[in-house]
$ cat data-v5.txt   # compact mmCIF, C-alpha atoms and all ligand atoms
# COMPACT_ATOMS: atom_id res chain seq x y z
CA MET A 1 -21.82 -237.92 121.79
CA SER A 2 -18.38 -237.31 120.38
CA ARG A 3 -15.12 -238.22 122.14
CA ARG A 4 -14.67 -237.38 125.80
CA THR A 5 -11.47 -236.44 127.63
CA ILE A 6 -11.02 -238.15 130.99
CA GLN A 7 -8.20 -235.91 132.22
CA GLY A 8 -9.75 -233.57 134.80
CA LEU A 9 -13.21 -235.21 134.87
CA ARG A 10 -14.89 -235.08 138.28
CA GLY A 11 -16.43 -238.47 139.01
CA LEU A 12 -18.27 -240.59 141.57
CA VAL A 13 -17.75 -244.38 141.49
CA THR A 14 -19.96 -246.65 143.63
CA GLY A 15 -18.89 -250.15 144.62
CA ALA A 16 -15.24 -249.14 144.48
CA SER A 17 -13.98 -251.40 147.32
CA SER A 18 -13.54 -254.47 145.09
CA GLY A 19 -13.86 -255.99 141.64
CA ILE A 20 -14.94 -253.95 138.64
CA GLY A 21 -15.55 -250.70 140.56
CA ARG A 22 -12.12 -250.77 142.19
CA GLU A 23 -10.39 -251.35 138.83
CA LEU A 24 -12.53 -248.71 137.15
CA ALA A 25 -11.63 -246.16 139.83
CA ARG A 26 -7.94 -246.99 139.45
CA GLN A 27 -8.00 -246.71 135.63
CA LEU A 28 -10.04 -243.49 135.65
CA ALA A 29 -7.66 -241.91 138.18
CA ALA A 30 -4.68 -243.10 136.12
CA ALA A 31 -6.22 -241.26 133.15
CA GLY A 32 -6.48 -238.09 135.26
CA ALA A 33 -10.03 -238.16 136.68
CA ASN A 34 -10.60 -236.86 140.22
CA LEU A 35 -12.98 -239.16 142.07
CA VAL A 36 -15.22 -239.68 145.04
CA VAL A 37 -15.11 -243.45 145.62
CA THR A 38 -17.59 -245.27 147.82
CA ALA A 39 -18.66 -248.65 149.24
CA ARG A 40 -19.38 -249.97 152.75
CA ARG A 41 -15.90 -251.37 153.56
CA ARG A 42 -13.74 -248.51 154.84
CA VAL A 43 -10.50 -250.53 155.01
CA ALA A 44 -10.78 -251.60 151.36
CA LEU A 45 -11.49 -248.01 150.29
CA ASP A 46 -8.50 -246.72 152.27
CA SER A 47 -6.22 -249.28 150.60
CA LEU A 48 -7.55 -248.20 147.17
CA VAL A 49 -6.69 -244.58 147.94
CA ASP A 50 -3.27 -245.53 149.39
CA GLU A 51 -2.33 -247.73 146.43
CA ASN A 52 -3.17 -244.98 143.98
CA ARG A 53 -1.63 -241.89 145.56
CA SER A 54 0.92 -241.62 142.77
CA LEU A 55 -1.72 -241.47 139.99
CA SER A 56 -2.52 -238.15 138.39
CA GLY A 57 -6.16 -238.08 139.55
CA ARG A 58 -6.98 -237.92 143.26
CA MET A 59 -9.50 -240.04 145.18
CA ILE A 60 -11.70 -239.16 148.14
CA ALA A 61 -13.14 -242.18 149.96
CA ILE A 62 -16.51 -242.04 151.73
CA GLU A 63 -17.89 -245.27 153.18
CA GLY A 64 -21.58 -246.09 153.51
CA ASP A 65 -24.52 -248.07 152.23
CA ILE A 66 -25.67 -246.84 148.83
CA THR A 67 -29.31 -247.56 149.71
CA ASP A 68 -29.11 -244.91 152.48
CA ALA A 69 -30.34 -241.52 151.20
CA ARG A 70 -28.20 -239.60 153.74
CA HIS A 71 -25.09 -241.41 152.51
CA ARG A 72 -25.90 -240.51 148.90
CA GLU A 73 -26.36 -236.90 150.01
CA ARG A 74 -22.85 -236.95 151.58
CA LEU A 75 -21.38 -238.31 148.33
CA LEU A 76 -22.85 -235.50 146.27
CA ALA A 77 -21.83 -232.89 148.83
CA ALA A 78 -18.24 -234.18 148.57
CA ALA A 79 -18.37 -234.01 144.76
CA HIS A 80 -19.63 -230.43 144.98
CA ASP A 81 -17.40 -229.18 147.81
CA ASP A 82 -14.17 -231.14 147.23
CA LEU A 83 -14.17 -231.73 143.46
CA GLY A 84 -16.05 -228.60 142.48
CA GLY A 85 -18.82 -230.47 140.66
CA LEU A 86 -19.69 -233.74 138.93
CA ASP A 87 -19.16 -234.81 135.32
CA LEU A 88 -19.29 -238.60 135.64
CA LEU A 89 -21.52 -240.82 137.77
CA VAL A 90 -20.66 -244.53 137.74
CA ASN A 91 -23.40 -246.71 139.27
CA ASN A 92 -21.47 -249.95 139.76
CA ALA A 93 -22.37 -251.21 143.27
CA GLY A 94 -24.38 -254.38 142.96
CA VAL A 95 -25.29 -257.63 144.64
CA GLY A 96 -26.54 -261.03 143.50
CA ALA A 97 -28.73 -263.82 144.87
CA ILE A 98 -28.85 -267.40 143.66
CA GLY A 99 -31.64 -269.94 144.09
CA PRO A 100 -35.16 -270.74 142.88
CA PHE A 101 -37.70 -267.93 143.18
CA THR A 102 -40.26 -270.36 144.62
CA GLU A 103 -38.05 -270.99 147.69
CA ALA A 104 -36.97 -267.38 148.25
CA ALA A 105 -38.27 -265.00 150.90
CA PRO A 106 -39.71 -261.69 149.64
CA GLU A 107 -36.86 -259.83 151.39
CA ARG A 108 -34.36 -261.22 148.88
CA LEU A 109 -36.13 -259.54 145.97
CA ARG A 110 -36.52 -256.30 147.97
CA ARG A 111 -32.82 -256.10 148.85
CA VAL A 112 -31.57 -256.94 145.34
CA MET A 113 -33.86 -254.29 143.86
CA GLU A 114 -32.86 -251.72 146.52
CA VAL A 115 -29.14 -252.09 145.82
CA ASN A 116 -29.15 -252.77 142.07
CA PHE A 117 -32.04 -250.60 140.92
CA PHE A 118 -33.59 -248.12 143.39
CA ALA A 119 -30.26 -246.85 144.78
CA PRO A 120 -28.72 -246.05 141.37
CA VAL A 121 -31.97 -244.54 140.12
CA GLU A 122 -32.26 -242.26 143.17
CA LEU A 123 -28.57 -241.37 142.99
CA ILE A 124 -29.14 -240.32 139.37
CA ARG A 125 -32.16 -238.23 140.36
CA GLU A 126 -30.14 -236.54 143.12
CA SER A 127 -27.10 -236.01 140.84
CA LEU A 128 -28.92 -234.29 138.01
CA PRO A 129 -28.41 -230.68 139.18
CA LEU A 130 -24.65 -231.29 139.40
CA LEU A 131 -24.50 -233.24 136.14
CA ARG A 132 -26.43 -230.56 134.26
CA ALA A 133 -23.68 -228.11 135.21
CA GLY A 134 -20.93 -230.65 134.41
CA ARG A 135 -18.48 -230.97 131.52
CA THR A 136 -19.44 -233.67 128.93
CA PRO A 137 -21.67 -235.20 131.64
CA LEU A 138 -22.16 -238.96 131.65
CA ILE A 139 -24.00 -241.56 133.70
CA VAL A 140 -22.49 -245.07 133.52
CA ASN A 141 -24.78 -247.88 134.70
CA VAL A 142 -23.06 -251.23 135.23
CA SER A 143 -25.70 -253.81 134.38
CA SER A 144 -25.03 -257.35 133.12
CA VAL A 145 -25.55 -259.55 130.12
CA LEU A 146 -28.30 -260.97 132.39
CA GLY A 147 -30.05 -257.62 131.92
CA HIS A 148 -30.52 -258.64 128.27
CA ARG A 149 -31.24 -262.36 128.67
CA ALA A 150 -32.54 -263.83 131.93
CA VAL A 151 -31.52 -267.22 133.31
CA PRO A 152 -33.13 -269.48 135.92
CA ARG A 153 -32.25 -269.31 139.64
CA LYS A 154 -31.19 -265.67 139.36
CA SER A 155 -34.66 -264.23 138.79
CA GLU A 156 -34.35 -261.28 141.20
CA TYR A 157 -30.89 -260.33 139.94
CA CYS A 158 -31.98 -260.57 136.28
CA ALA A 159 -35.08 -258.49 137.03
CA SER A 160 -32.94 -255.78 138.68
CA LYS A 161 -30.58 -255.63 135.71
CA PHE A 162 -33.44 -255.66 133.15
CA ALA A 163 -34.94 -252.74 135.10
CA LEU A 164 -31.65 -250.86 135.03
CA HIS A 165 -31.33 -251.57 131.29
CA GLY A 166 -34.83 -250.25 130.49
CA PHE A 167 -34.38 -247.24 132.74
CA SER A 168 -31.04 -246.40 131.10
CA ASP A 169 -32.54 -246.52 127.58
CA ALA A 170 -35.43 -244.26 128.57
CA LEU A 171 -33.20 -241.85 130.44
CA ARG A 172 -30.70 -241.55 127.57
CA ALA A 173 -33.51 -240.35 125.31
CA GLU A 174 -34.86 -237.98 128.00
CA LEU A 175 -31.55 -236.45 129.05
CA GLY A 176 -30.12 -235.99 125.57
CA ALA A 177 -31.63 -232.50 125.44
CA ASP A 178 -29.70 -231.61 128.62
CA GLY A 179 -26.46 -232.87 127.08
CA ILE A 180 -26.23 -235.72 129.63
CA ASP A 181 -25.22 -239.07 128.15
CA VAL A 182 -25.98 -242.56 129.48
CA LEU A 183 -23.71 -245.58 128.97
CA LEU A 184 -24.99 -249.07 129.79
CA VAL A 185 -22.21 -251.60 130.51
CA SER A 186 -23.15 -255.28 130.34
CA PRO A 187 -20.34 -257.54 131.53
CA SER A 188 -20.45 -261.34 131.36
CA THR A 189 -19.12 -263.44 134.24
CA THR A 190 -16.14 -261.61 135.74
CA ARG A 191 -13.53 -262.79 138.29
CA THR A 192 -14.39 -260.67 141.34
CA GLU A 193 -15.72 -261.16 144.88
CA PHE A 194 -19.26 -261.02 143.46
CA PHE A 195 -20.00 -264.73 143.93
CA ASP A 196 -18.63 -264.69 147.52
CA ASN A 197 -20.83 -261.69 148.33
CA VAL A 198 -24.21 -262.95 147.03
CA LEU A 199 -27.06 -262.40 149.51
CA GLU A 200 -28.01 -266.05 149.29
CA ASN A 201 -26.81 -269.09 147.38
CA ALA A 202 -29.67 -271.50 148.00
CA ASN A 203 -28.36 -274.41 145.97
CA GLY A 204 -24.67 -273.81 146.76
CA SER A 205 -23.89 -273.49 143.05
CA THR A 206 -20.48 -272.14 142.11
CA ALA A 207 -19.72 -270.12 139.01
CA SER A 208 -16.89 -271.41 136.85
CA LEU A 209 -14.50 -268.46 136.84
CA SER A 210 -11.65 -270.06 134.89
CA ALA A 211 -12.83 -268.60 131.55
CA ALA A 212 -14.26 -265.44 133.14
CA ALA A 213 -13.12 -261.93 132.22
CA SER A 214 -10.87 -260.01 134.60
CA ALA A 215 -12.12 -256.87 136.35
CA ALA A 216 -9.22 -255.04 134.70
CA SER A 217 -10.43 -255.90 131.21
CA VAL A 218 -14.04 -254.89 132.02
CA ALA A 219 -12.73 -251.58 133.38
CA LYS A 220 -10.49 -251.04 130.36
CA GLN A 221 -13.37 -251.55 127.91
CA THR A 222 -15.59 -249.28 130.03
CA VAL A 223 -12.99 -246.50 130.08
CA ARG A 224 -12.63 -246.82 126.30
CA ALA A 225 -16.43 -246.60 125.88
CA ILE A 226 -16.50 -243.49 128.12
CA ARG A 227 -13.83 -241.89 125.93
CA ARG A 228 -15.61 -242.81 122.71
CA GLY A 229 -19.07 -241.67 123.80
CA ARG A 230 -20.61 -245.14 123.37
CA HIS A 231 -24.16 -245.79 124.60
CA GLU A 232 -24.03 -249.50 125.29
CA ILE A 233 -21.36 -252.17 125.48
CA ILE A 234 -21.68 -255.93 125.80
CA LEU A 235 -18.23 -257.05 126.75
CA THR A 236 -17.58 -260.59 125.59
CA PRO A 237 -18.20 -262.61 122.40
CA GLY A 238 -20.18 -265.12 124.53
CA GLY A 239 -22.33 -262.29 125.91
CA LYS A 240 -22.97 -260.90 122.41
CA LEU A 241 -23.84 -264.39 121.14
CA LEU A 242 -26.35 -264.93 123.96
CA VAL A 243 -28.01 -261.56 123.35
CA TRP A 244 -28.28 -262.10 119.59
CA LEU A 245 -29.49 -265.68 119.99
CA ASP A 246 -32.18 -264.41 122.35
CA ARG A 247 -33.28 -261.78 119.82
CA LEU A 248 -33.19 -264.02 116.77
CA CYS A 249 -34.26 -267.35 118.21
CA PRO A 250 -35.79 -266.90 121.68
CA THR A 251 -37.20 -270.42 121.87
CA LEU A 252 -33.75 -271.94 121.37
CA ALA A 253 -32.31 -269.48 123.92
CA ASP A 254 -35.03 -270.53 126.42
CA TRP A 255 -34.15 -274.20 125.92
CA LEU A 256 -30.41 -273.61 126.23
CA VAL A 257 -30.57 -271.57 129.44
CA ALA A 258 -33.06 -274.00 131.03
CA ARG A 259 -30.78 -276.92 130.13
CA TYR A 260 -27.31 -275.50 130.77
CA SER A 261 -27.55 -272.69 133.35
CA PRO A 262 -25.78 -273.71 136.58
N1 LIG B 1 -18.76 -260.44 138.61
C1 LIG B 1 -19.60 -260.73 137.62
O1 LIG B 1 -19.60 -261.87 137.10
C2 LIG B 1 -20.52 -259.66 137.07
C3 LIG B 1 -21.11 -259.91 135.82
C4 LIG B 1 -21.98 -258.94 135.31
C5 LIG B 1 -22.23 -257.77 136.00
N2 LIG B 1 -21.64 -257.57 137.22
C6 LIG B 1 -21.97 -256.33 137.93
O2 LIG B 1 -20.78 -255.61 138.16
C7 LIG B 1 -20.93 -254.76 139.30
C8 LIG B 1 -19.72 -254.90 140.20
O3 LIG B 1 -19.67 -256.22 140.70
P1 LIG B 1 -18.29 -257.01 140.92
O4 LIG B 1 -18.30 -258.18 140.03
O5 LIG B 1 -17.15 -256.10 140.89
O6 LIG B 1 -18.54 -257.59 142.41
P2 LIG B 1 -17.89 -257.21 143.83
O7 LIG B 1 -16.41 -257.39 143.80
O8 LIG B 1 -18.68 -257.99 144.84
O9 LIG B 1 -18.20 -255.65 143.96
C9 LIG B 1 -19.44 -255.15 144.35
C10 LIG B 1 -19.23 -253.76 144.91
O10 LIG B 1 -20.49 -253.23 145.30
C11 LIG B 1 -20.41 -252.75 146.62
N3 LIG B 1 -21.71 -252.86 147.28
C12 LIG B 1 -22.53 -253.94 147.35
N4 LIG B 1 -23.62 -253.65 148.07
C13 LIG B 1 -23.50 -252.36 148.48
C14 LIG B 1 -24.29 -251.48 149.25
N5 LIG B 1 -25.47 -251.87 149.79
N6 LIG B 1 -23.85 -250.23 149.47
C15 LIG B 1 -22.67 -249.80 148.95
N7 LIG B 1 -21.88 -250.58 148.20
C16 LIG B 1 -22.28 -251.85 147.97
C17 LIG B 1 -19.35 -253.64 147.29
O11 LIG B 1 -18.72 -252.95 148.36
P3 LIG B 1 -18.94 -253.20 149.93
O12 LIG B 1 -19.18 -254.67 150.13
O13 LIG B 1 -17.64 -252.70 150.51
O14 LIG B 1 -20.10 -252.35 150.29
C18 LIG B 1 -18.35 -253.77 146.14
O15 LIG B 1 -17.48 -252.68 146.12
C19 LIG B 1 -22.27 -255.17 139.96
O16 LIG B 1 -23.27 -254.25 139.62
C20 LIG B 1 -22.56 -256.52 139.32
O17 LIG B 1 -23.95 -256.78 139.27
C21 LIG B 1 -20.79 -258.49 137.77

$ encode --input "data-v5.txt" --output "structure tokens" --more "lines below"
Ligand SMILES: NC(=O)c1ccc[n+]([C@@H]2O[C@H](COP(=O)([O-])OP(=O)(O)OC[C@H]3O[C@@H](n4cnc5c(N)ncnc54)[C@H](OP(=O)(O)O)[C@@H]3O)[C@@H](O)[C@H]2O)c1
Amino acid sequence: MSRRTIQGLRGLVTGASSGIGRELARQLAAAGANLVVTARRRVALDSLVDENRSLSGRMIAIEGDITDARHRERLLAAAHDDLGGLDLLVNNAGVGAIGPFTEAAPERLRRVMEVNFFAPVELIRESLPLLRAGRTPLIVNVSSVLGHRAVPRKSEYCASKFALHGFSDALRAELGADGIDVLLVSPSTTRTEFFDNVLENANGSTASLSAAASAASVAKQTVRAIRRGRHEIILTPGGKLLVWLDRLCPTLADWLVARYSP
């Protein structure tokens, strides 16, 4: 895909109440996109809209759980009725879980997959009629570097992001004929509320966030990739190194993650 203009794009951003999604919504609206923004926390969505009233793009906030089909229906109705259509779908809402698989209840895997994989996939399915009629239509799936290389004690999360990665690659090839593009974004550790919001942290491990990327820089690189029509971005040198090491020397990558993953 060639370059894309953000001014005037009609978008839907999930997980916009905090972290990467909130920053992405702000930067897209600053560049002139009109957005439906969503997450479960109404107060946080209202403050996002209030803080950004002076930006050129407008925001409509609709709260709800992204795994609820009726909520997703409301989001798409708002895009259709209030924005006049949909050009950009950003699947960013996500949740983690930390702890050994052998000690986890089956519900943990179910919930991680519902939020991180089934909800975005169904939202894509439901968005296709609007996207097909959209201008330079694009689906952005926020995955993770852990969707390229898995690590221990995050098995469900890695599986959900690997699934989203594979699905995105297949879909990009399928939807090319319809003119719909797919961008896969794979951040490394980012300073957000993510680690406070994990479903479970069985061993109480804490991520070291001192060297982590900011949500603003992840959003900035994502907006640039949207403009440039990129298909995939891995956002940090450390993330790129891990992915290449895994491809070139998987045995060494296995040993390193087993030895050094928190
Ligand atoms: N932070 C990292 O280190 C990192 C690294 C790689 C990839 N990522 C990915 O980046 C994305 C954004 O995460 P973040 O770091 O910005 O974390 P965050 O600050 O915790 O944001 C997660 C967002 O998802 C929303 N969300 C979670 N469950 C939801 C549900 N069931 N229904 C609707 N919304 C839901 C949350 O809103 P509510 O709680 O208000 O519903 C929030 O807005 C995720 O997909 C994550 O996997 C993060």

$ closest_residue --input "data-v5.txt" --among "A:Gly166, A:Pro120, A:Pro129, A:Gly84" --to "ligand LIG 1 (chain B)" --atoms "all atoms listed in the file"
A:Pro120

$ residues_near_ligand --input "data-v5.txt" --ligand "ligand LIG 1 (chain B)" --cutoff "6 Å" --atoms "only C-alpha atoms and all ligand atoms" --output "short mmCIF file (atom, residue, chain, number, x, y, z; two decimals) with C-alpha atoms, in the frame of the given file"
data_model
loop_
_atom_site.label_atom_id
_atom_site.label_comp_id
_atom_site.auth_asym_id
_atom_site.auth_seq_id
_atom_site.Cartn_x
_atom_site.Cartn_y
_atom_site.Cartn_z
CA GLY A 15 -18.89 -250.15 144.62
CA ALA A 16 -15.24 -249.14 144.48
CA SER A 17 -13.98 -251.40 147.32
CA SER A 18 -13.54 -254.47 145.09
CA GLY A 19 -13.86 -255.99 141.64
CA ILE A 20 -14.94 -253.95 138.64
CA GLY A 21 -15.55 -250.70 140.56
CA ALA A 39 -18.66 -248.65 149.24
CA ARG A 40 -19.38 -249.97 152.75
CA ARG A 41 -15.90 -251.37 153.56
CA GLY A 64 -21.58 -246.09 153.51
CA ASP A 65 -24.52 -248.07 152.23
CA ILE A 66 -25.67 -246.84 148.83
CA THR A 67 -29.31 -247.56 149.71
CA ASN A 92 -21.47 -249.95 139.76
CA ALA A 93 -22.37 -251.21 143.27
CA GLY A 94 -24.38 -254.38 142.96
CA VAL A 95 -25.29 -257.63 144.64
CA VAL A 115 -29.14 -252.09 145.82
CA VAL A 142 -23.06 -251.23 135.23
CA SER A 143 -25.70 -253.81 134.38
CA SER A 144 -25.03 -257.35 133.12
CA PRO A 187 -20.34 -257.54 131.53
CA SER A 188 -20.45 -261.34 131.36
CA THR A 189 -19.12 -263.44 134.24
CA THR A 190 -16.14 -261.61 135.74
CA ARG A 191 -13.53 -262.79 138.29
CA THR A 192 -14.39 -260.67 141.34
CA GLU A 193 -15.72 -261.16 144.88
CA PHE A 194 -19.26 -261.02 143.46
CA ASN A 197 -20.83 -261.69 148.33
#

$ closest_atom_pairs --input "data-v5.txt" --of "stretch 179-217 of chain A" --to "stretch 125-128 of chain A" --cutoff "12 Å" --atoms "all atoms listed in the file" --output "CSV"
residue,atom,partner,partner_atom,distance
A:Gly179,CA,A:Leu128,CA,11.3
A:Ile180,CA,A:Leu128,CA,8.9
A:Asp181,CA,A:Leu128,CA,11.6

$ atom_distance --input "data-v5.txt" --atom1 "atom CA of A:Asn34" --atom2 "atom CA of A:Arg58"
4.8 Å

$ residues_around --input "data-v5.txt" --residues "A:Gly96" --least-positions-apart "6" --cutoff "8 Å" --atoms "only C-alpha atoms" --output "list of chain:residue names"
A:Val112, A:Lys154, A:Tyr157, A:Phe194, A:Phe195, A:Asn197, A:Val198, A:Leu199, A:Glu200

$ closest_residue --input "data-v5.txt" --among "A:Val145, A:Ile62, A:Ala253, A:Ala33" --to "A:Val223" --atoms "all atoms listed in the file"
A:Ala33

$ atom_distance --input "data-v5.txt" --atom1 "atom CA of A:Ala159" --atom2 "atom CA of A:Gly147"
7.2 Å

$ residues_near_point --input "data-v5.txt" --point "(-28.9, -273.6, 149.3)" --cutoff "12 Å" --atoms "all atoms listed in the file" --output "list in words"
Ala97, Ile98, Gly99, Pro100, Glu103, Ala104, Arg153, Val198, Leu199, Glu200, Asn201, Ala202, Asn203, Gly204, Ser205 and Thr206 of chain A

$ closest_residue --input "data-v5.txt" --among "A:Gln7, A:Asn91, A:Thr102, A:Thr38" --to "A:Ser155" --atoms "all atoms listed in the file"
A:Thr102

$ closest_residue --input "data-v5.txt" --among "A:Ala30, A:Leu45, A:Ile226, A:Leu55" --to "A:Val90" --atoms "all atoms listed in the file"
A:Ile226

$ residues_around --input "data-v5.txt" --residues "stretch 233-246 of chain A" --least-positions-apart "2" --cutoff "10 Å" --atoms "only C-alpha atoms" --output "MDAnalysis selection string"
chainID A and resid 142:150 183:189 212:213 217:218 221:222 225 230:231 248:254 256:257

$ closest_residue --input "data-v5.txt" --among "A:Leu89, A:Ala219, A:Ala25, A:Ala170" --to "A:Asn141" --atoms "all atoms listed in the file"
A:Leu89

$ atom_distance --input "data-v5.txt" --atom1 "atom CA of A:Arg3" --atom2 "atom CA of A:Gly229"
5.5 Å

$ closest_residue --input "data-v5.txt" --among "A:Leu9, A:Leu164, A:Ile139, A:Leu88" --to "A:Phe117" --atoms "only C-alpha atoms"
A:Leu164

$ build_atoms --input "data-v5.txt" --residues "stretch 43-51 of chain A" --atoms "all heavy atoms" --output "PDB file, in the frame of the given file"
ATOM      1  N   VAL A  43     -11.895-250.101 155.124  1.00  0.00           N
ATOM      2  CA  VAL A  43     -10.500-250.530 155.010  1.00  0.00           C
ATOM      3  C   VAL A  43     -10.134-250.733 153.531  1.00  0.00           C
ATOM      4  O   VAL A  43      -9.061-250.319 153.072  1.00  0.00           O
ATOM      5  CB  VAL A  43     -10.274-251.843 155.818  1.00  0.00           C
ATOM      6  CG1 VAL A  43      -8.882-252.404 155.589  1.00  0.00           C
ATOM      7  CG2 VAL A  43     -10.513-251.579 157.289  1.00  0.00           C
ATOM      8  N   ALA A  44     -11.052-251.350 152.786  1.00  0.00           N
ATOM      9  CA  ALA A  44     -10.780-251.600 151.360  1.00  0.00           C
ATOM     10  C   ALA A  44     -10.710-250.281 150.588  1.00  0.00           C
ATOM     11  O   ALA A  44      -9.884-250.124 149.679  1.00  0.00           O
ATOM     12  CB  ALA A  44     -11.869-252.496 150.778  1.00  0.00           C
ATOM     13  N   LEU A  45     -11.548-249.311 150.962  1.00  0.00           N
ATOM     14  CA  LEU A  45     -11.490-248.010 150.290  1.00  0.00           C
ATOM     15  C   LEU A  45     -10.183-247.291 150.601  1.00  0.00           C
ATOM     16  O   LEU A  45      -9.555-246.700 149.713  1.00  0.00           O
ATOM     17  CB  LEU A  45     -12.668-247.126 150.720  1.00  0.00           C
ATOM     18  CG  LEU A  45     -14.059-247.501 150.215  1.00  0.00           C
ATOM     19  CD1 LEU A  45     -15.086-246.541 150.796  1.00  0.00           C
ATOM     20  CD2 LEU A  45     -14.120-247.489 148.689  1.00  0.00           C
ATOM     21  N   ASP A  46      -9.757-247.381 151.886  1.00  0.00           N
ATOM     22  CA  ASP A  46      -8.500-246.720 152.270  1.00  0.00           C
ATOM     23  C   ASP A  46      -7.330-247.327 151.494  1.00  0.00           C
ATOM     24  O   ASP A  46      -6.441-246.604 151.037  1.00  0.00           O
ATOM     25  CB  ASP A  46      -8.254-246.868 153.781  1.00  0.00           C
ATOM     26  CG  ASP A  46      -9.140-245.923 154.576  1.00  0.00           C
ATOM     27  OD1 ASP A  46      -9.686-244.974 153.974  1.00  0.00           O
ATOM     28  OD2 ASP A  46      -9.295-246.140 155.794  1.00  0.00           O
ATOM     29  N   SER A  47      -7.336-248.657 151.335  1.00  0.00           N
ATOM     30  CA  SER A  47      -6.220-249.280 150.600  1.00  0.00           C
ATOM     31  C   SER A  47      -6.256-248.863 149.124  1.00  0.00           C
ATOM     32  O   SER A  47      -5.216-248.655 148.510  1.00  0.00           O
ATOM     33  CB  SER A  47      -6.209-250.798 150.768  1.00  0.00           C
ATOM     34  OG  SER A  47      -7.206-251.386 149.982  1.00  0.00           O
ATOM     35  N   LEU A  48      -7.452-248.684 148.563  1.00  0.00           N
ATOM     36  CA  LEU A  48      -7.550-248.200 147.170  1.00  0.00           C
ATOM     37  C   LEU A  48      -6.909-246.814 147.049  1.00  0.00           C
ATOM     38  O   LEU A  48      -6.108-246.567 146.131  1.00  0.00           O
ATOM     39  CB  LEU A  48      -9.032-248.134 146.757  1.00  0.00           C
ATOM     40  CG  LEU A  48      -9.343-247.450 145.423  1.00  0.00           C
ATOM     41  CD1 LEU A  48      -8.851-248.296 144.252  1.00  0.00           C
ATOM     42  CD2 LEU A  48     -10.845-247.190 145.276  1.00  0.00           C
ATOM     43  N   VAL A  49      -7.245-245.945 147.992  1.00  0.00           N
ATOM     44  CA  VAL A  49      -6.690-244.580 147.940  1.00  0.00           C
ATOM     45  C   VAL A  49      -5.169-244.633 148.136  1.00  0.00           C
ATOM     46  O   VAL A  49      -4.418-243.990 147.389  1.00  0.00           O
ATOM     47  CB  VAL A  49      -7.362-243.687 149.019  1.00  0.00           C
ATOM     48  CG1 VAL A  49      -6.701-242.319 149.070  1.00  0.00           C
ATOM     49  CG2 VAL A  49      -8.850-243.548 148.723  1.00  0.00           C
ATOM     50  N   ASP A  50      -4.714-245.442 149.117  1.00  0.00           N
ATOM     51  CA  ASP A  50      -3.270-245.530 149.390  1.00  0.00           C
ATOM     52  C   ASP A  50      -2.502-246.051 148.182  1.00  0.00           C
ATOM     53  O   ASP A  50      -1.470-245.514 147.803  1.00  0.00           O
ATOM     54  CB  ASP A  50      -2.999-246.462 150.581  1.00  0.00           C
ATOM     55  CG  ASP A  50      -3.321-245.761 151.881  1.00  0.00           C
ATOM     56  OD1 ASP A  50      -3.472-244.519 151.864  1.00  0.00           O
ATOM     57  OD2 ASP A  50      -3.447-246.456 152.902  1.00  0.00           O
ATOM     58  N   GLU A  51      -3.035-247.105 147.568  1.00  0.00           N
ATOM     59  CA  GLU A  51      -2.330-247.730 146.430  1.00  0.00           C
ATOM     60  C   GLU A  51      -2.206-246.779 145.234  1.00  0.00           C
ATOM     61  O   GLU A  51      -1.361-246.974 144.382  1.00  0.00           O
ATOM     62  CB  GLU A  51      -3.109-248.967 145.952  1.00  0.00           C
ATOM     63  CG  GLU A  51      -2.926-250.210 146.803  1.00  0.00           C
ATOM     64  CD  GLU A  51      -4.035-251.235 146.524  1.00  0.00           C
ATOM     65  OE1 GLU A  51      -4.602-251.224 145.408  1.00  0.00           O
ATOM     66  OE2 GLU A  51      -4.328-252.014 147.425  1.00  0.00           O
TER      67      GLU A  51
END
